[in-house]
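Visitor: Okay, handing you the structure first.
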Amino acid sequence: MLLLPRLALKCSGRTSLITFNLLHEPWIPVRPLNGDPVREVGLRELLLGARTFSRIDDPSPLVTVALLRLTLALLHRALRGPNNTEQAAEWYAHGFPTETLEAYFQTWQHHFDLFHPEKPFWQVRDLTLDLEGGKYRSHWTRLGTEVGSANTLPLFNVAGRPGGERTDALTPAQAARRLVEGQTFLLGGLIKRFTTAAKAAPVATLALTAAQGNDLHETLCLNLPVYAGQDSDRAVWEREPLTVQSVREFYEDELSEVPTGRADRYTWPSRSVLLIPEINKEGAVQVTSIGFAAGIPLEGTAEGSGSNIDPMVTLRPPADPKRPERFPLKLKRDQLLWRDLSALLAGPEGEQRGSQPPGTLTHARAVLDTASAPQGTSVTVTGLLSDQGKAFAYRQESYAFPHAFISDPEAFTTEVNRALDMARATAQALNHATLRLAAEVVSRGGEREPHKDDVRQLAQTLPGVGAYWAALEAPFRVFLATLDRPGEAAAAWRDSVAREARAAWTLNLQGAGGDGQVLGFAFRPRRTDGKYQPSPQGILDRALTTLNAAQRPHFTAPEVPS
């Protein structure tokens, strides 16, 4: 490999002959609407030809959502809008003003050069490999959570396995995508470069919600909420170019910085990075090594506050009602988002539950309503899952919302809440019946007093509750898609809940032994200290008989006997 020589008058370790301009060079993977294979385009073609693409389509959902956020920041800054929902609906129907976009591209095009000697895109220009004896030198995998970041478990981190040192290189396009991903999703942790431990990127572990249109143009419009404070906001390419000294001063003086607005938040420099180009044996430019250090420390909460809350973030109410602060929604290791889907929805019921829906979804509904769109929309929620600073998975979930979400959002929210309440109430009864069955088995039908730990451990080994929730995912998606006919959707959902609860109970009986003795335990009621206790089977049957109450306007969850 030939590391490109440093020019005498430059301190960045680059040559001005090497360029890769993100506005014009192909680097963003898109899926064409006509069915052609995925191809790469620059930011300019992405925006001017958005009607011809179905979506941004990288194999990693983290890269995909990071690229979407970058594109939205560029639109906000270039168009200085939208100023209101009506303007957003106008763009949705008739396209973005091309002349305004082209003028902005012309003004700022040199700030989008990945290898610019003075203002490299989203980087720190003088974080060179030889600085302080090579202290800041790293391999490019530090930028990608799923490809080798220090915050990644060995499942993802090849370098973390025995004999797993990485020496492979990236093309400029691949390096650009990893740079955008890293600035958006890198976790906090030990770094010892400018500071002992670096903060995580602002939205690194949050669930990020985006509405999806019929093509990429519609998707961009639906996720471009009304833009307030555009005069004070800035994107990373509009900053003064970052230097080692300017970043180091934040840590020496114990300073932090508040994002100036939405574009600043979408393009926050959470790490100091410098991509180092080199020439391989074939004469092509590639990136193997990078300069890497802590970035600008963000002041305040990761999701923002007031009018500067990240529009893709959902806020949930605290478990403790005495604490007024809401917290951002995150994806869970052992639970899909559909079980908490009401958190994404607006309306009186959703507000009473204390959630703040993501601004992107609220805006998307308003735009589709203003534009009199005949269809609903789909929603993707993307997140990185971590434990104690280590990433172990990422996930993207998609849900289709029918036109009822647009035409009557309050009724839509009410129906979703009612369906989820029904499923939770039945799950509670199933869980209680499972614990009672476990107690009967451990006590041998009441012959001895069971220890609560033994009961709990046996109950945890029985597969019913987990199987119940897993089996309901597909029926819930059908329920959502048919909510334009709420009565029919609710009836089908009620049947699904009852069917899967009984199937789950059968699994529990089989797991507990499945013989005649276990069946006797399941159906036998007991009287303890003069109090009647229904059988485990009776607990579940009682809950299932109340499902018909869901036909009434105000369904109340059945009370489970203690």
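Starting from 1 in every chain, residues are counted up; chains themselves are A, B, ... following the order of the structure tokens, and ligands are numbered from 1 as listed.
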With only C-alpha atoms as the counted atoms, please give the residues lying no more than 7 Å from Ala207 of chain A, apart from itself and same-chain residues fewer than 2 positions off, as a PDB file with C-alpha atoms, in the first residue's frame.

Guide:
```
ATOM      1  CA  THR A 205     -29.484   3.311  21.527  1.00  0.00           C
ATOM      2  CA  THR A 209     -39.155   6.059  13.840  1.00  0.00           C
ATOM      3  CA  VAL A 313     -37.612   9.770  19.018  1.00  0.00           C
ATOM      4  CA  LEU A 329     -38.268   4.655  23.851  1.00  0.00           C
ATOM      5  CA  LYS A 330     -35.728   1.907  23.175  1.00  0.00           C
ATOM      6  CA  LEU A 331     -36.113  -1.466  21.527  1.00  0.00           C
ATOM      7  CA  VAL A 381     -38.541   1.636  13.848  1.00  0.00           C
ATOM      8  CA  THR A 382     -34.798   1.039  14.008  1.00  0.00           C
ATOM      9  CA  GLY A 383     -32.562   0.654  17.033  1.00  0.00           C
TER      10      GLY A 383
END
```

Visitor: Run DSSP on the backbone and give me the residues of segment 169-246 of chain A it puts in strand (DSSP E or B), as a ChimeraX atom specification.

Guide: /A:170,189-190,197-198,208-212,242

Visitor: Store the residues picked out above, limited to all heavy atoms, as a compact mmCIF listing (two decimals), in the first residue's frame.

Guide:
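Saved the output as selection_12.txt:
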```
# COMPACT_ATOMS: atom_id res chain seq x y z
N LEU A 170 -11.48 -0.23 2.94
CA LEU A 170 -12.76 0.18 2.40
C LEU A 170 -12.55 1.04 1.15
O LEU A 170 -11.55 1.75 1.04
CB LEU A 170 -13.54 1.02 3.41
CG LEU A 170 -13.97 0.37 4.73
CD1 LEU A 170 -14.65 1.42 5.60
CD2 LEU A 170 -14.90 -0.79 4.48
N GLY A 189 -17.90 4.97 25.92
CA GLY A 189 -16.99 4.04 26.57
C GLY A 189 -15.57 4.56 26.60
O GLY A 189 -15.28 5.69 26.18
N LEU A 190 -14.68 3.74 27.11
CA LEU A 190 -13.27 4.09 27.26
C LEU A 190 -12.65 4.42 25.91
O LEU A 190 -12.82 3.67 24.94
CB LEU A 190 -12.53 2.92 27.91
CG LEU A 190 -11.11 3.19 28.41
CD1 LEU A 190 -11.15 4.14 29.60
CD2 LEU A 190 -10.45 1.87 28.82
N ALA A 197 -13.20 8.70 28.79
CA ALA A 197 -14.35 7.99 28.22
C ALA A 197 -15.18 8.95 27.38
O ALA A 197 -15.47 10.07 27.81
CB ALA A 197 -15.22 7.39 29.33
N ALA A 198 -15.55 8.52 26.20
CA ALA A 198 -16.35 9.34 25.30
C ALA A 198 -17.83 9.05 25.49
O ALA A 198 -18.21 7.92 25.80
CB ALA A 198 -15.95 9.08 23.85
N LEU A 208 -35.65 4.76 16.63
CA LEU A 208 -35.84 5.85 15.68
C LEU A 208 -36.95 5.48 14.70
O LEU A 208 -36.87 4.46 14.02
CB LEU A 208 -34.53 6.13 14.93
CG LEU A 208 -33.33 6.48 15.82
CD1 LEU A 208 -32.09 6.68 14.97
CD2 LEU A 208 -33.63 7.73 16.65
N THR A 209 -37.96 6.33 14.64
CA THR A 209 -39.15 6.06 13.84
C THR A 209 -39.16 6.89 12.57
O THR A 209 -38.92 8.10 12.60
CB THR A 209 -40.42 6.37 14.65
OG1 THR A 209 -40.43 5.56 15.84
CG2 THR A 209 -41.67 6.07 13.85
N ALA A 210 -39.45 6.24 11.46
CA ALA A 210 -39.56 6.92 10.17
C ALA A 210 -40.78 6.39 9.43
O ALA A 210 -41.03 5.19 9.41
CB ALA A 210 -38.30 6.72 9.33
N ALA A 211 -41.55 7.32 8.84
CA ALA A 211 -42.66 6.93 7.98
C ALA A 211 -42.14 6.60 6.59
O ALA A 211 -41.13 7.16 6.14
CB ALA A 211 -43.69 8.06 7.91
N GLN A 212 -42.81 5.70 5.91
CA GLN A 212 -42.37 5.26 4.58
C GLN A 212 -43.45 5.57 3.55
O GLN A 212 -44.62 5.26 3.73
CB GLN A 212 -42.09 3.75 4.58
CG GLN A 212 -41.07 3.31 5.62
CD GLN A 212 -39.69 3.88 5.36
OE1 GLN A 212 -39.20 3.88 4.23
NE2 GLN A 212 -39.05 4.37 6.41
N LEU A 242 -13.53 21.60 12.08
CA LEU A 242 -13.02 21.17 13.38
C LEU A 242 -11.52 20.87 13.31
O LEU A 242 -11.03 20.34 12.31
CB LEU A 242 -13.78 19.93 13.86
CG LEU A 242 -15.26 20.12 14.19
CD1 LEU A 242 -15.91 18.78 14.48
CD2 LEU A 242 -15.44 21.06 15.36
```

Visitor: Report, in Å to a single decimal, how far apart atom CA of Leu341 of chain A and atom CA of Ser378 of chain A are.

Guide: 13.0 Å

Visitor: Have a look at A:Cys221, A:Ser372, A:Leu46, A:Ala404 and name the one nearest to Pro82 of chain A; count only C-alpha atoms.

Guide: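 Answer, going by the shortest atom-to-atom distance: A:Cys221.
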
Visitor: Please identify all polymer residues within 12 Å of Ser443 of chain A, counting only C-alpha atoms, omitting same-chain residues fewer than 3 positions from it, and present them as a list in words.

Guide: Arg436, Leu437, Ala438, Ala439, Glu440, Gly446, Glu447, Arg448, Glu449, Pro450, His451, Lys452, Asp454, Val455, Leu458, Val518 and Phe521 of chain A

Visitor: Just write the chosen residues, all heavy atoms, as a compact mmCIF listing (two decimals), in the first residue's frame.

Guide:
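Result went into out12.txt, see below:
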```
# COMPACT_ATOMS: atom_id res chain seq x y z
N ARG A 436 -49.88 -20.88 39.13
CA ARG A 436 -50.71 -21.77 39.94
C ARG A 436 -50.47 -23.23 39.57
O ARG A 436 -50.40 -24.11 40.43
CB ARG A 436 -52.19 -21.42 39.77
CG ARG A 436 -52.64 -20.21 40.57
CD ARG A 436 -52.59 -20.48 42.09
NE ARG A 436 -53.21 -21.75 42.41
CZ ARG A 436 -54.52 -21.95 42.51
NH1 ARG A 436 -55.35 -20.92 42.35
NH2 ARG A 436 -55.01 -23.14 42.80
N LEU A 437 -50.32 -23.49 38.26
CA LEU A 437 -50.02 -24.85 37.82
C LEU A 437 -48.67 -25.30 38.37
O LEU A 437 -48.54 -26.44 38.87
CB LEU A 437 -50.02 -24.92 36.30
CG LEU A 437 -49.64 -26.28 35.69
CD1 LEU A 437 -50.66 -27.36 36.08
CD2 LEU A 437 -49.51 -26.18 34.16
N ALA A 438 -47.68 -24.43 38.30
CA ALA A 438 -46.36 -24.77 38.82
C ALA A 438 -46.42 -25.06 40.32
O ALA A 438 -45.77 -26.00 40.82
CB ALA A 438 -45.37 -23.65 38.53
N ALA A 439 -47.23 -24.27 41.06
CA ALA A 439 -47.36 -24.49 42.50
C ALA A 439 -48.02 -25.84 42.79
O ALA A 439 -47.62 -26.56 43.72
CB ALA A 439 -48.17 -23.36 43.12
N GLU A 440 -49.00 -26.20 41.99
CA GLU A 440 -49.67 -27.49 42.18
C GLU A 440 -48.71 -28.64 41.90
O GLU A 440 -48.69 -29.64 42.63
CB GLU A 440 -50.89 -27.58 41.27
CG GLU A 440 -52.04 -26.68 41.66
CD GLU A 440 -52.67 -27.10 42.97
OE1 GLU A 440 -52.79 -28.32 43.22
OE2 GLU A 440 -53.03 -26.21 43.75
N GLY A 446 -50.83 -30.21 46.75
CA GLY A 446 -51.08 -29.73 48.09
C GLY A 446 -50.54 -30.60 49.19
O GLY A 446 -50.81 -30.35 50.37
N GLU A 447 -49.74 -31.62 48.83
CA GLU A 447 -49.19 -32.51 49.85
C GLU A 447 -48.12 -31.82 50.69
O GLU A 447 -47.87 -32.20 51.83
CB GLU A 447 -48.59 -33.76 49.18
CG GLU A 447 -49.62 -34.68 48.53
CD GLU A 447 -48.97 -35.88 47.90
OE1 GLU A 447 -47.72 -36.02 48.03
OE2 GLU A 447 -49.68 -36.69 47.27
N ARG A 448 -47.44 -30.84 50.12
CA ARG A 448 -46.41 -30.13 50.88
C ARG A 448 -46.43 -28.66 50.47
O ARG A 448 -46.97 -28.28 49.43
CB ARG A 448 -45.03 -30.73 50.62
CG ARG A 448 -44.56 -30.67 49.19
CD ARG A 448 -43.32 -31.53 48.97
NE ARG A 448 -42.83 -31.46 47.60
CZ ARG A 448 -41.82 -30.69 47.20
NH1 ARG A 448 -41.22 -29.89 48.07
NH2 ARG A 448 -41.43 -30.70 45.94
N GLU A 449 -45.82 -27.84 51.30
CA GLU A 449 -45.78 -26.41 51.03
C GLU A 449 -44.65 -26.12 50.04
O GLU A 449 -43.48 -26.36 50.34
CB GLU A 449 -45.54 -25.62 52.33
CG GLU A 449 -45.62 -24.12 52.18
CD GLU A 449 -47.02 -23.65 51.81
OE1 GLU A 449 -48.01 -24.35 52.16
OE2 GLU A 449 -47.15 -22.59 51.16
N PRO A 450 -44.95 -25.59 48.86
CA PRO A 450 -43.89 -25.36 47.87
C PRO A 450 -43.10 -24.09 48.20
O PRO A 450 -43.64 -23.12 48.72
CB PRO A 450 -44.67 -25.18 46.56
CG PRO A 450 -45.98 -24.60 47.00
CD PRO A 450 -46.28 -25.22 48.34
N HIS A 451 -41.81 -24.12 47.89
CA HIS A 451 -41.00 -22.92 48.05
C HIS A 451 -41.23 -22.03 46.83
O HIS A 451 -41.28 -22.50 45.69
CB HIS A 451 -39.53 -23.29 48.17
CG HIS A 451 -38.67 -22.14 48.64
ND1 HIS A 451 -38.27 -21.12 47.81
CD2 HIS A 451 -38.16 -21.86 49.87
CE1 HIS A 451 -37.54 -20.26 48.48
NE2 HIS A 451 -37.46 -20.68 49.75
N LYS A 452 -41.37 -20.74 47.09
CA LYS A 452 -41.71 -19.82 46.00
C LYS A 452 -40.65 -19.82 44.90
O LYS A 452 -40.97 -19.64 43.71
CB LYS A 452 -41.91 -18.42 46.55
CG LYS A 452 -40.69 -17.80 47.20
CD LYS A 452 -40.98 -16.40 47.70
CE LYS A 452 -39.73 -15.77 48.33
NZ LYS A 452 -40.01 -14.40 48.81
N ASP A 454 -38.86 -22.37 43.89
CA ASP A 454 -39.07 -23.57 43.08
C ASP A 454 -40.24 -23.38 42.13
O ASP A 454 -40.20 -23.80 40.96
CB ASP A 454 -39.33 -24.79 43.97
CG ASP A 454 -38.12 -25.15 44.83
OD1 ASP A 454 -37.00 -24.83 44.41
OD2 ASP A 454 -38.31 -25.73 45.92
N VAL A 455 -41.30 -22.76 42.66
CA VAL A 455 -42.48 -22.49 41.82
C VAL A 455 -42.11 -21.57 40.67
O VAL A 455 -42.45 -21.81 39.50
CB VAL A 455 -43.60 -21.87 42.67
CG1 VAL A 455 -44.76 -21.41 41.76
CG2 VAL A 455 -44.11 -22.87 43.69
N LEU A 458 -39.89 -23.34 37.98
CA LEU A 458 -40.66 -24.23 37.12
C LEU A 458 -41.51 -23.44 36.14
O LEU A 458 -41.57 -23.77 34.95
CB LEU A 458 -41.54 -25.17 37.96
CG LEU A 458 -42.47 -26.09 37.16
CD1 LEU A 458 -41.67 -26.97 36.20
CD2 LEU A 458 -43.34 -26.94 38.09
N VAL A 518 -50.94 -34.35 36.08
CA VAL A 518 -50.80 -32.92 35.78
C VAL A 518 -52.15 -32.35 35.37
O VAL A 518 -52.53 -31.23 35.77
CB VAL A 518 -49.74 -32.70 34.68
CG1 VAL A 518 -49.79 -31.26 34.18
CG2 VAL A 518 -48.36 -33.03 35.20
N PHE A 521 -54.10 -31.69 38.42
CA PHE A 521 -53.65 -30.45 39.06
C PHE A 521 -54.23 -29.22 38.33
O PHE A 521 -54.61 -28.23 38.96
CB PHE A 521 -52.12 -30.34 39.03
CG PHE A 521 -51.42 -31.38 39.85
CD1 PHE A 521 -50.10 -31.74 39.58
CD2 PHE A 521 -52.06 -32.02 40.92
CE1 PHE A 521 -49.44 -32.69 40.33
CE2 PHE A 521 -51.41 -32.98 41.68
CZ PHE A 521 -50.10 -33.32 41.39
```

Visitor: Could you check the closest approach to Pro297 of chain A for each of A:Ala263, A:Ala366, A:Ala200, A:Val244 and tell me which residue wins, using only C-alpha atoms?

Guide: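 Using only C-alpha atoms, the shortest distance to Pro297 of chain A belongs to A:Ala200.
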
Visitor: Could you give me, as a ChimeraX atom specification, the residues within 7 Å of Gly42 of chain A, counting only C-alpha atoms and dropping anything in the same chain fewer than 3 positions from it?

Guide: /A:22-28,45-46

Visitor: Deliver the residues from the most recent selection as a file, using N, CA and C atoms, as a PDB file, in the first residue's frame.

Guide:
```pdb
ATOM      1  N   LEU A  22     -19.286  13.909  -1.866  1.00  0.00           N
ATOM      2  CA  LEU A  22     -20.485  13.144  -1.548  1.00  0.00           C
ATOM      3  C   LEU A  22     -21.732  13.662  -2.265  1.00  0.00           C
ATOM      4  N   LEU A  23     -21.675  14.874  -2.795  1.00  0.00           N
ATOM      5  CA  LEU A  23     -22.799  15.361  -3.580  1.00  0.00           C
ATOM      6  C   LEU A  23     -22.864  14.686  -4.941  1.00  0.00           C
ATOM      7  N   HIS A  24     -21.700  14.372  -5.499  1.00  0.00           N
ATOM      8  CA  HIS A  24     -21.654  13.922  -6.890  1.00  0.00           C
ATOM      9  C   HIS A  24     -21.206  12.477  -7.056  1.00  0.00           C
ATOM     10  N   GLU A  25     -20.325  11.979  -6.202  1.00  0.00           N
ATOM     11  CA  GLU A  25     -19.833  10.615  -6.348  1.00  0.00           C
ATOM     12  C   GLU A  25     -20.882   9.609  -5.853  1.00  0.00           C
ATOM     13  N   PRO A  26     -20.994   8.446  -6.496  1.00  0.00           N
ATOM     14  CA  PRO A  26     -21.970   7.435  -6.040  1.00  0.00           C
ATOM     15  C   PRO A  26     -21.494   6.757  -4.757  1.00  0.00           C
ATOM     16  N   TRP A  27     -22.358   6.764  -3.731  1.00  0.00           N
ATOM     17  CA  TRP A  27     -21.986   6.117  -2.461  1.00  0.00           C
ATOM     18  C   TRP A  27     -23.193   5.706  -1.631  1.00  0.00           C
ATOM     19  N   ILE A  28     -24.382   6.227  -1.932  1.00  0.00           N
ATOM     20  CA  ILE A  28     -25.587   5.882  -1.181  1.00  0.00           C
ATOM     21  C   ILE A  28     -26.357   4.804  -1.936  1.00  0.00           C
ATOM     22  N   GLU A  45     -28.015  13.420  -6.867  1.00  0.00           N
ATOM     23  CA  GLU A  45     -28.909  12.552  -7.629  1.00  0.00           C
ATOM     24  C   GLU A  45     -29.978  11.952  -6.724  1.00  0.00           C
ATOM     25  N   LEU A  46     -29.627  11.664  -5.486  1.00  0.00           N
ATOM     26  CA  LEU A  46     -30.595  11.097  -4.544  1.00  0.00           C
ATOM     27  C   LEU A  46     -31.796  12.022  -4.387  1.00  0.00           C
TER      28      LEU A  46
END
```

Visitor: Which polymer residues have any atom within 12 Å of an atom of Asp408 of chain A, counting only C-alpha atoms, with same-chain residues fewer than 4 positions away left out, as number ranges by chain?

Guide: A: 345-347, 365-366, 369, 376, 401-404, 412-415, 483-484, 486

Visitor: Leaving out Gly35 of chain A and any residue of its chain fewer than 3 positions from it, which residues lie within 12 Å of it when counting only C-alpha atoms, given as a list in words?

Guide: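 Residues near the query, excluding close chain neighbours: Val30, Arg31, Pro32, Val38, Arg39, Thr52, Phe53, Ser54 and Arg55 of chain A.
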
Visitor: Quote the spacing between atom CA of Val247 of chain A and atom CA of Phe105 of chain A in Å to one decimal place.

Guide: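 Between atom CA of Val247 of chain A and atom CA of Phe105 of chain A the gap is 27.3 Å.
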
Visitor: Could you check which of A:His111, A:Arg193, A:Arg80, A:His432 is closest to Arg137 of chain A, using only C-alpha atoms?

Guide: A:Arg193

Visitor: Could you give me, as a PyMOL selection string, the residues within 12 Å of Ile309 of chain A, counting only C-alpha atoms and dropping anything in the same chain fewer than 4 positions from it?

Guide: chain A and resi 202-203+225+227-228+258-266+300-305+313-315+326-328+356-360

Visitor: I need the residues from that last selection saved to file as a compact mmCIF listing (two decimals), in the first residue's frame (with N, CA, C and O atoms), if you can.

Guide:
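Result saved to part07.txt:
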```
# COMPACT_ATOMS: atom_id res chain seq x y z
N PRO A 202 -25.70 10.84 20.24
CA PRO A 202 -26.96 11.21 20.91
C PRO A 202 -28.08 10.17 20.80
O PRO A 202 -28.78 9.92 21.77
N VAL A 203 -28.27 9.56 19.63
CA VAL A 203 -29.38 8.61 19.47
C VAL A 203 -28.89 7.18 19.35
O VAL A 203 -29.59 6.32 18.81
N PRO A 225 -40.45 17.25 9.26
CA PRO A 225 -41.41 18.06 10.02
C PRO A 225 -41.15 19.55 9.86
O PRO A 225 -40.07 19.98 9.42
N TYR A 227 -39.99 23.09 10.17
CA TYR A 227 -38.62 23.43 10.56
C TYR A 227 -38.59 24.80 11.21
O TYR A 227 -38.56 25.83 10.54
N ALA A 228 -38.56 24.81 12.53
CA ALA A 228 -38.48 26.07 13.27
C ALA A 228 -37.03 26.37 13.61
O ALA A 228 -36.22 25.46 13.79
N VAL A 258 -24.74 22.66 23.17
CA VAL A 258 -26.14 22.34 22.90
C VAL A 258 -26.36 22.41 21.39
O VAL A 258 -25.96 23.38 20.74
N PRO A 259 -26.98 21.40 20.79
CA PRO A 259 -27.27 21.47 19.35
C PRO A 259 -28.11 22.70 19.03
O PRO A 259 -29.05 23.05 19.77
N THR A 260 -27.78 23.36 17.94
CA THR A 260 -28.48 24.60 17.58
C THR A 260 -29.84 24.34 16.96
O THR A 260 -30.64 25.26 16.83
N GLY A 261 -30.10 23.12 16.55
CA GLY A 261 -31.38 22.81 15.92
C GLY A 261 -31.37 21.40 15.38
O GLY A 261 -30.50 20.58 15.70
N ARG A 262 -32.34 21.12 14.53
CA ARG A 262 -32.53 19.74 14.06
C ARG A 262 -31.39 19.25 13.19
O ARG A 262 -30.91 18.12 13.35
N ALA A 263 -30.92 20.07 12.25
CA ALA A 263 -29.83 19.63 11.38
C ALA A 263 -28.55 19.42 12.18
O ALA A 263 -27.80 18.47 11.91
N ASP A 264 -28.30 20.28 13.14
CA ASP A 264 -27.14 20.11 14.01
C ASP A 264 -27.25 18.80 14.78
O ASP A 264 -26.27 18.06 14.93
N ARG A 265 -28.43 18.49 15.26
CA ARG A 265 -28.63 17.25 16.01
C ARG A 265 -28.47 16.03 15.11
O ARG A 265 -27.90 15.01 15.51
N TYR A 266 -28.99 16.09 13.87
CA TYR A 266 -28.88 14.97 12.94
C TYR A 266 -27.44 14.72 12.49
O TYR A 266 -27.12 13.61 12.06
N GLY A 300 -27.06 18.41 27.73
CA GLY A 300 -28.48 18.10 27.82
C GLY A 300 -28.76 16.65 27.50
O GLY A 300 -27.85 15.84 27.30
N THR A 301 -30.04 16.31 27.46
CA THR A 301 -30.43 14.93 27.20
C THR A 301 -30.17 14.56 25.75
O THR A 301 -30.15 15.41 24.86
N ALA A 302 -29.98 13.27 25.52
CA ALA A 302 -29.66 12.80 24.19
C ALA A 302 -30.76 13.12 23.18
O ALA A 302 -30.48 13.43 22.02
N GLU A 303 -32.01 13.05 23.62
CA GLU A 303 -33.14 13.27 22.71
C GLU A 303 -33.50 14.73 22.53
O GLU A 303 -34.29 15.09 21.66
N GLY A 304 -32.92 15.62 23.37
CA GLY A 304 -33.25 17.04 23.30
C GLY A 304 -34.43 17.39 24.18
O GLY A 304 -34.98 16.55 24.91
N SER A 305 -34.83 18.63 24.12
CA SER A 305 -35.95 19.10 24.95
C SER A 305 -36.66 20.24 24.24
O SER A 305 -36.12 20.86 23.31
N VAL A 313 -37.62 10.40 17.70
CA VAL A 313 -37.61 9.77 19.02
C VAL A 313 -39.00 9.81 19.64
O VAL A 313 -39.71 10.82 19.55
N THR A 314 -39.40 8.72 20.28
CA THR A 314 -40.64 8.63 21.04
C THR A 314 -40.32 8.77 22.53
O THR A 314 -39.36 8.16 23.02
N LEU A 315 -41.10 9.55 23.26
CA LEU A 315 -40.89 9.72 24.69
C LEU A 315 -41.96 8.97 25.46
O LEU A 315 -43.16 9.05 25.14
N ARG A 326 -40.03 12.51 31.01
CA ARG A 326 -40.25 11.35 30.15
C ARG A 326 -38.91 10.86 29.61
O ARG A 326 -37.93 11.60 29.57
N PHE A 327 -38.88 9.61 29.21
CA PHE A 327 -37.63 9.03 28.74
C PHE A 327 -37.84 8.46 27.34
O PHE A 327 -38.94 8.07 26.95
N PRO A 328 -36.77 8.39 26.55
CA PRO A 328 -36.91 7.94 25.16
C PRO A 328 -37.15 6.43 25.06
O PRO A 328 -36.58 5.65 25.82
N GLN A 356 -45.19 10.78 24.23
CA GLN A 356 -45.10 11.79 23.18
C GLN A 356 -44.68 11.09 21.91
O GLN A 356 -43.55 10.64 21.79
N PRO A 357 -45.59 10.98 20.92
CA PRO A 357 -45.26 10.25 19.69
C PRO A 357 -44.11 10.93 18.96
O PRO A 357 -43.83 12.11 19.14
N PRO A 358 -43.42 10.19 18.09
CA PRO A 358 -42.34 10.79 17.31
C PRO A 358 -42.86 11.86 16.36
O PRO A 358 -43.92 11.69 15.73
N GLY A 359 -42.13 12.95 16.27
CA GLY A 359 -42.57 14.05 15.41
C GLY A 359 -42.67 13.65 13.95
O GLY A 359 -43.50 14.19 13.21
N THR A 360 -41.84 12.70 13.52
CA THR A 360 -41.91 12.26 12.12
C THR A 360 -43.26 11.63 11.80
O THR A 360 -43.85 11.91 10.76
```

Visitor: Using only C-alpha atoms, which of A:Leu179, A:Ala433, A:Val497, A:Leu48 sits nearest Asp421 of chain A?

Guide: A:Val497

Visitor: What does the structure give for the distance between atom CA of Phe523 of chain A and atom CA of Ser535 of chain A, in Å to one decimal?

Guide: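 Computing the Euclidean distance for atom CA of Phe523 of chain A and atom CA of Ser535 of chain A yields 5.3 Å.
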
Visitor: Restricting the calculation to only C-alpha atoms: of A:Tyr104, A:Trp140, A:Phe392, A:Phe112, which residue gets closest to Thr167 of chain A?

Guide: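 Comparing A:Tyr104, A:Trp140, A:Phe392, A:Phe112 against Thr167 of chain A, the winner is A:Trp140.
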
Visitor: Could you pull out the alpha helix (DSSP H) residues of segment 31-226 of chain A, going by DSSP on the backbone, and write them as a VMD selection string?

Guide: chain A and resid 43 to 48 61 to 79 85 to 94 98 to 108 172 to 185 216 to 222

Visitor: Which residue out of A:Ser138, A:Ala78, A:Leu255, A:His110 has the minimum interatomic distance to Asp231 of chain A when only C-alpha atoms are used?

Guide: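 For Asp231 of chain A, the nearest of the given residues is A:Ala78.
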